[in-house]
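See structure below.
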Amino acid sequence: MNNTNQCPIGVFDSGVGGLTNVRALMERLPMENIVYFGDTARVPYGTKSRATIETFSMQIVDFLLEHDVKALVIACNTIAATAGQRIRQKAGNMPVLDVISAGAQAALATTRNNKIGIIATNTTVNSNAYARAIHSQNSATLVRTQAAPLLVPLVEEGWLDHEVTRLTVREYLKPLLVDNIDTLVLGCTHFPLLKPLIGQEAPGVALVDSAITTAEATAQALSAAGLLNSENPAPDCRFYVSDIPLRFRTIGERFLGRSMEQIEMVTLG
Ligand code: DGL
């Protein structure tokens, strides 16, 4: 193992949602150090333009590169959909993983009838990134996308099993179920928290949790690059945000499933 193996993985998102990815990474790669950036001052990204998201994303990547990360994980579907290519150009040879590539791959491996549904933010849906990623591997697959923006604040409110959330999910899923999808990609950082409820509203449909599939893809990429950290029994996990961390901590601990020790506020740009 050389020094680079000890370097952290840089994970980033528009806010708190990417912590679902951190949680999956901690479970899959328990010896890795992690630096997380959540752009809490400028969230949501899901309603912003490509140009704005690209500018913000480049600032975040610069910040993470200053922290000597050995790999980047784009935890935010909206960032992956709009700025993924530019981030990869900037990162050079460094492994860059993202929720859309991993989610599309997992959906293709899961579907039996070749009909895949995607729920995501408006910007992710408008970018067509999931359909492109799926069709680049199998052009015969039916891909149905549905913007589900109301689910983001409902999850942040902690209404994971609330009647309002159930009715909202039901409404969003209607057109996808009419098309007889057998696989549904949870194409937004917040949606894995709704897995039980979505499962009840879409019986018989396989749910793809991009956080888990991205953690698996990260493990494989680090292993292939000889970058796994295998001697780190007390990993370091640091969280950076762009606004006062109070709300980030409260909501974040729900997303992460554990307490957060080191949260710091920084200003970008
Ligand atoms: N993190 C975003 C995503 O996965 C959801 C929140 C936002 O709109 O910024 O698309």
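By convention here, the chains of the structure tokens are called A, B, ... in the order presented, each chain's residues are numbered starting at 1, and ligands are numbered starting at 1 in the order presented.
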
Cut-off 10 Å: closest chain A/ligand 1 atom pairs per residue, using only C-alpha atoms and all ligand atoms, as a tab-separated table:
```
residue	atom	partner	partner_atom_place_in_ligand_line	distance
A:Phe12	CA	ligand 1	1 (N)	9.1
A:Asp13	CA	ligand 1	1 (N)	5.6
A:Ser14	CA	ligand 1	9 (O)	4.7
A:Gly15	CA	ligand 1	9 (O)	6.4
A:Val16	CA	ligand 1	1 (N)	7.5
A:Gly17	CA	ligand 1	1 (N)	5.3
A:Gly18	CA	ligand 1	1 (N)	6.3
A:Leu19	CA	ligand 1	1 (N)	9.6
A:Gly38	CA	ligand 1	1 (N)	9.1
A:Asp39	CA	ligand 1	9 (O)	8.6
A:Thr40	CA	ligand 1	9 (O)	8.9
A:Arg42	CA	ligand 1	9 (O)	8.3
A:Val43	CA	ligand 1	9 (O)	4.9
A:Pro44	CA	ligand 1	9 (O)	3.4
A:Tyr45	CA	ligand 1	9 (O)	3.7
A:Gly46	CA	ligand 1	8 (O)	3.3
A:Thr47	CA	ligand 1	8 (O)	6.3
A:Lys48	CA	ligand 1	8 (O)	8.2
A:Ile53	CA	ligand 1	9 (O)	9.7
A:Ile74	CA	ligand 1	4 (O)	9.4
A:Ala75	CA	ligand 1	4 (O)	6.9
A:Cys76	CA	ligand 1	4 (O)	3.9
A:Asn77	CA	ligand 1	4 (O)	3.9
A:Thr78	CA	ligand 1	10 (O)	4.0
A:Ile79	CA	ligand 1	10 (O)	7.0
A:Ala80	CA	ligand 1	10 (O)	8.4
A:Ala81	CA	ligand 1	10 (O)	8.5
A:Val99	CA	ligand 1	4 (O)	8.5
A:Ile100	CA	ligand 1	4 (O)	9.6
A:Ile119	CA	ligand 1	10 (O)	9.8
A:Ala120	CA	ligand 1	10 (O)	6.3
A:Thr121	CA	ligand 1	10 (O)	5.4
A:Asn122	CA	ligand 1	8 (O)	8.2
A:Thr123	CA	ligand 1	10 (O)	7.8
A:Thr124	CA	ligand 1	10 (O)	6.5
A:Val125	CA	ligand 1	10 (O)	9.5
A:Pro149	CA	ligand 1	8 (O)	7.6
A:Leu151	CA	ligand 1	5 (C)	9.5
A:Val152	CA	ligand 1	6 (C)	6.4
A:Pro153	CA	ligand 1	6 (C)	8.8
A:Glu156	CA	ligand 1	6 (C)	9.9
A:Leu186	CA	ligand 1	4 (O)	9.2
A:Gly187	CA	ligand 1	4 (O)	6.6
A:Cys188	CA	ligand 1	4 (O)	3.6
A:Thr189	CA	ligand 1	4 (O)	4.0
A:His190	CA	ligand 1	5 (C)	6.5
A:Phe191	CA	ligand 1	4 (O)	8.4
A:Ser210	CA	ligand 1	4 (O)	9.7
```

Q: Could you find all residues in range 14-249 of chain A that DSSP calls strand (DSSP E) from the backbone, and write them as a ChimeraX atom specification?
A: /A:34-38,71-74,96-98,115-120,142-147,183-187,206-209,237-241

Q: Considering only C-alpha atoms, return as a PyMOL selection string whatever protein or nucleic-acid residues lie within 10 Å of Glu171 in chain A, sequence-local ones (same chain, fewer than 6 positions apart) excluded.
A: chain A and resi 148+165+201

Compile the contact shell of Ala91 in chain A as a PDB file with N, CA, C and O atoms, in the first residue's frame: residues with an atom at most 9 Å away, counting only C-alpha atoms, same-chain residues fewer than 6 positions apart removed.
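Below is the file that was written, result.pdb:
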```
ATOM      1  N   VAL A  61     -15.425  20.544  -6.938  1.00  0.00           N
ATOM      2  CA  VAL A  61     -14.348  19.624  -7.303  1.00  0.00           C
ATOM      3  C   VAL A  61     -12.982  20.246  -6.950  1.00  0.00           C
ATOM      4  O   VAL A  61     -12.107  19.574  -6.397  1.00  0.00           O
ATOM      5  N   LEU A  65     -10.284  18.481  -4.559  1.00  0.00           N
ATOM      6  CA  LEU A  65      -8.928  18.174  -5.038  1.00  0.00           C
ATOM      7  C   LEU A  65      -7.878  18.765  -4.096  1.00  0.00           C
ATOM      8  O   LEU A  65      -6.828  18.182  -3.861  1.00  0.00           O
ATOM      9  N   ALA A  71     -10.204   9.649  -5.239  1.00  0.00           N
ATOM     10  CA  ALA A  71     -11.313   9.320  -6.157  1.00  0.00           C
ATOM     11  C   ALA A  71     -12.456  10.271  -5.859  1.00  0.00           C
ATOM     12  O   ALA A  71     -12.542  10.831  -4.762  1.00  0.00           O
ATOM     13  N   LEU A  72     -13.303  10.446  -6.854  1.00  0.00           N
ATOM     14  CA  LEU A  72     -14.476  11.323  -6.661  1.00  0.00           C
ATOM     15  C   LEU A  72     -15.748  10.506  -6.841  1.00  0.00           C
ATOM     16  O   LEU A  72     -15.847   9.698  -7.774  1.00  0.00           O
TER      17      LEU A  72
END
```

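The interatomic distance for the pair CA of Ile9 in chain A and CA of Ala24 in chain A works out to 13.0 Å.
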
Q: Compile the contact shell of Val164 in chain A as JSON, numbers by chain: residues with an atom at most 12 Å away, counting only C-alpha atoms, same-chain residues fewer than 5 positions apart removed.
A: {"A": [150, 151, 153, 154, 155, 157, 158, 159, 169, 170, 171, 197]}

Go ahead and write the residues just picked, all heavy atoms, as an mmCIF file, in the first residue's frame.
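Produced file selection_18.cif, reproduced below:
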```cif
data_model
loop_
_atom_site.group_PDB
_atom_site.id
_atom_site.type_symbol
_atom_site.label_atom_id
_atom_site.label_comp_id
_atom_site.auth_asym_id
_atom_site.auth_seq_id
_atom_site.Cartn_x
_atom_site.Cartn_y
_atom_site.Cartn_z
ATOM 1 N N LEU A 150 -41.537 16.856 -5.548
ATOM 2 C CA LEU A 150 -42.143 17.055 -4.225
ATOM 3 C C LEU A 150 -41.604 16.082 -3.179
ATOM 4 O O LEU A 150 -41.706 16.335 -1.973
ATOM 5 C CB LEU A 150 -43.670 16.896 -4.322
ATOM 6 C CG LEU A 150 -44.415 17.972 -5.106
ATOM 7 C CD1 LEU A 150 -45.885 17.615 -5.223
ATOM 8 C CD2 LEU A 150 -44.261 19.333 -4.416
ATOM 9 N N LEU A 151 -41.034 14.980 -3.654
ATOM 10 C CA LEU A 151 -40.547 13.997 -2.686
ATOM 11 C C LEU A 151 -39.312 14.488 -1.938
ATOM 12 O O LEU A 151 -39.026 14.023 -0.835
ATOM 13 C CB LEU A 151 -40.248 12.663 -3.395
ATOM 14 C CG LEU A 151 -41.456 11.986 -4.058
ATOM 15 C CD1 LEU A 151 -41.037 10.667 -4.695
ATOM 16 C CD2 LEU A 151 -42.579 11.760 -3.051
ATOM 17 N N PRO A 153 -38.546 17.654 -0.552
ATOM 18 C CA PRO A 153 -38.861 18.279 0.743
ATOM 19 C C PRO A 153 -39.595 17.340 1.705
ATOM 20 O O PRO A 153 -39.424 17.454 2.919
ATOM 21 C CB PRO A 153 -39.744 19.480 0.370
ATOM 22 C CG PRO A 153 -40.172 19.257 -1.038
ATOM 23 C CD PRO A 153 -39.140 18.391 -1.677
ATOM 24 N N LEU A 154 -40.392 16.420 1.176
ATOM 25 C CA LEU A 154 -41.104 15.491 2.066
ATOM 26 C C LEU A 154 -40.112 14.605 2.831
ATOM 27 O O LEU A 154 -40.279 14.357 4.028
ATOM 28 C CB LEU A 154 -42.093 14.632 1.265
ATOM 29 C CG LEU A 154 -43.334 15.383 0.741
ATOM 30 C CD1 LEU A 154 -44.108 14.522 -0.256
ATOM 31 C CD2 LEU A 154 -44.246 15.814 1.879
ATOM 32 N N VAL A 155 -39.076 14.170 2.134
ATOM 33 C CA VAL A 155 -38.058 13.352 2.810
ATOM 34 C C VAL A 155 -37.306 14.204 3.833
ATOM 35 O O VAL A 155 -37.057 13.774 4.967
ATOM 36 C CB VAL A 155 -37.078 12.733 1.781
ATOM 37 C CG1 VAL A 155 -35.867 12.125 2.480
ATOM 38 C CG2 VAL A 155 -37.784 11.679 0.944
ATOM 39 N N GLU A 157 -38.382 16.605 5.448
ATOM 40 C CA GLU A 157 -39.280 16.835 6.571
ATOM 41 C C GLU A 157 -39.381 15.592 7.469
ATOM 42 O O GLU A 157 -39.922 15.645 8.562
ATOM 43 C CB GLU A 157 -40.669 17.205 6.004
ATOM 44 C CG GLU A 157 -41.590 17.938 6.931
ATOM 45 C CD GLU A 157 -41.027 19.239 7.467
ATOM 46 O OE1 GLU A 157 -40.271 19.914 6.769
ATOM 47 O OE2 GLU A 157 -41.350 19.561 8.634
ATOM 48 N N GLY A 158 -38.865 14.489 6.977
ATOM 49 C CA GLY A 158 -38.919 13.241 7.744
ATOM 50 C C GLY A 158 -40.241 12.510 7.573
ATOM 51 O O GLY A 158 -40.532 11.576 8.318
ATOM 52 N N TRP A 159 -41.013 12.877 6.568
ATOM 53 C CA TRP A 159 -42.320 12.235 6.347
ATOM 54 C C TRP A 159 -42.153 10.963 5.506
ATOM 55 O O TRP A 159 -42.671 10.863 4.403
ATOM 56 C CB TRP A 159 -43.279 13.205 5.648
ATOM 57 C CG TRP A 159 -43.755 14.316 6.532
ATOM 58 C CD1 TRP A 159 -43.255 14.658 7.752
ATOM 59 C CD2 TRP A 159 -44.821 15.231 6.271
ATOM 60 N NE1 TRP A 159 -43.938 15.728 8.277
ATOM 61 C CE2 TRP A 159 -44.907 16.097 7.371
ATOM 62 C CE3 TRP A 159 -45.699 15.403 5.207
ATOM 63 C CZ2 TRP A 159 -45.840 17.124 7.453
ATOM 64 C CZ3 TRP A 159 -46.636 16.427 5.276
ATOM 65 C CH2 TRP A 159 -46.705 17.273 6.394
ATOM 66 N N VAL A 169 -46.338 9.754 -3.891
ATOM 67 C CA VAL A 169 -45.643 8.644 -4.567
ATOM 68 C C VAL A 169 -46.607 7.945 -5.525
ATOM 69 O O VAL A 169 -46.276 7.673 -6.687
ATOM 70 C CB VAL A 169 -45.089 7.633 -3.523
ATOM 71 C CG1 VAL A 169 -44.709 6.308 -4.178
ATOM 72 C CG2 VAL A 169 -43.885 8.225 -2.799
ATOM 73 N N ARG A 170 -47.817 7.692 -5.049
ATOM 74 C CA ARG A 170 -48.822 6.982 -5.872
ATOM 75 C C ARG A 170 -49.079 7.732 -7.182
ATOM 76 O O ARG A 170 -49.108 7.162 -8.255
ATOM 77 C CB ARG A 170 -50.118 6.839 -5.065
ATOM 78 C CG ARG A 170 -51.101 5.864 -5.657
ATOM 79 C CD ARG A 170 -52.249 5.616 -4.711
ATOM 80 N NE ARG A 170 -51.847 4.919 -3.494
ATOM 81 C CZ ARG A 170 -52.590 4.813 -2.390
ATOM 82 N NH1 ARG A 170 -53.786 5.391 -2.345
ATOM 83 N NH2 ARG A 170 -52.157 4.161 -1.331
ATOM 84 N N GLU A 171 -49.223 9.051 -7.056
ATOM 85 C CA GLU A 171 -49.498 9.893 -8.227
ATOM 86 C C GLU A 171 -48.328 9.843 -9.219
ATOM 87 O O GLU A 171 -48.531 9.690 -10.425
ATOM 88 C CB GLU A 171 -49.713 11.331 -7.710
ATOM 89 C CG GLU A 171 -50.444 12.245 -8.637
ATOM 90 C CD GLU A 171 -51.836 11.745 -9.026
ATOM 91 O OE1 GLU A 171 -52.502 11.092 -8.210
ATOM 92 O OE2 GLU A 171 -52.226 12.012 -10.175
ATOM 93 N N LEU A 197 -41.851 2.604 1.498
ATOM 94 C CA LEU A 197 -43.122 3.139 1.003
ATOM 95 C C LEU A 197 -43.279 2.921 -0.511
ATOM 96 O O LEU A 197 -44.335 2.484 -0.991
ATOM 97 C CB LEU A 197 -43.200 4.627 1.351
ATOM 98 C CG LEU A 197 -44.558 5.291 1.195
ATOM 99 C CD1 LEU A 197 -44.712 6.415 2.220
ATOM 100 C CD2 LEU A 197 -44.694 5.875 -0.188
#
```

(Q) Taking only C-alpha atoms into account, name the residue in A:Thr111, A:Asn232, A:Thr213, A:Gln200 that is nearest to Pro30 in chain A. (A) A:Asn232

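For the choices A:Ala140, A:Pro8, A:Ile263, A:Ala131, the atom-to-atom distance to Leu228 in chain A is smallest for A:Pro8 when using only C-alpha atoms.
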
Skipping near chain neighbours, those fewer than 3 positions away, what residues fall within 8 Å of Ala41 in chain A using only C-alpha atoms, listed as a PDB file with N, CA and C atoms, in the first residue's frame?
```
ATOM      1  N   VAL A 241     -19.840  21.917   4.576  1.00  0.00           N
ATOM      2  CA  VAL A 241     -21.085  22.460   4.024  1.00  0.00           C
ATOM      3  C   VAL A 241     -20.890  23.945   3.747  1.00  0.00           C
ATOM      4  N   SER A 242     -21.780  24.522   2.919  1.00  0.00           N
ATOM      5  CA  SER A 242     -21.622  25.932   2.565  1.00  0.00           C
ATOM      6  C   SER A 242     -22.585  26.835   3.336  1.00  0.00           C
ATOM      7  N   ASP A 243     -23.370  26.259   4.244  1.00  0.00           N
ATOM      8  CA  ASP A 243     -24.228  27.088   5.097  1.00  0.00           C
ATOM      9  C   ASP A 243     -24.156  26.562   6.532  1.00  0.00           C
TER      10      ASP A 243
END
```

Q: Select from range 58-200 of chain A everything DSSP, run on the backbone, classes as alpha helix (DSSP H), then give the selection as a ChimeraX atom specification.
A: /A:58-66,77-91,99-110,122-127,129-135,151-156,163-178,195-200

Q: For Arg258 in chain A, please output as an NGL selection string all residues within 12 Å (counting only C-alpha atoms; exclusion window: fewer than 6 positions along the same chain).
A: :A and (19-20 or 22-23 or 26-27 or 237 or 249-252)

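Candidate residues A:Ser139, A:Gln105, A:Gln59, A:Asn3 were compared for distance to Lys90 in chain A, and the nearest is A:Gln59, using only C-alpha atoms.
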
Once you count only C-alpha atoms, what closest atom pair and distance in Å to one decimal does each residue of range 155-222 of chain A within 9 Å of range 92-95 of chain A have, with rows by chain and rising residue number, as a Markdown table?
```
| residue | atom | partner | partner_atom | distance |
| --- | --- | --- | --- | --- |
| A:Thr218 | CA | A:Pro95 | CA | 8.3 |
| A:Ala221 | CA | A:Pro95 | CA | 6.7 |
| A:Leu222 | CA | A:Pro95 | CA | 7.5 |
```

Q. At what distance in Å, to one decimal, does CA of Gly269 in chain A lie from CA of Asn128 in chain A?
A. 28.5 Å

Q) For the atom pair CA of Leu184 in chain A and CA of Thr110 in chain A, what is the interatomic distance in Å to one decimal place? A) 9.6 Å

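Using only C-alpha atoms, the shortest contact distance between Pro196 in chain A and any of A:Leu160, A:Ala217, A:Ala83, A:Ala133 is found at A:Leu160.
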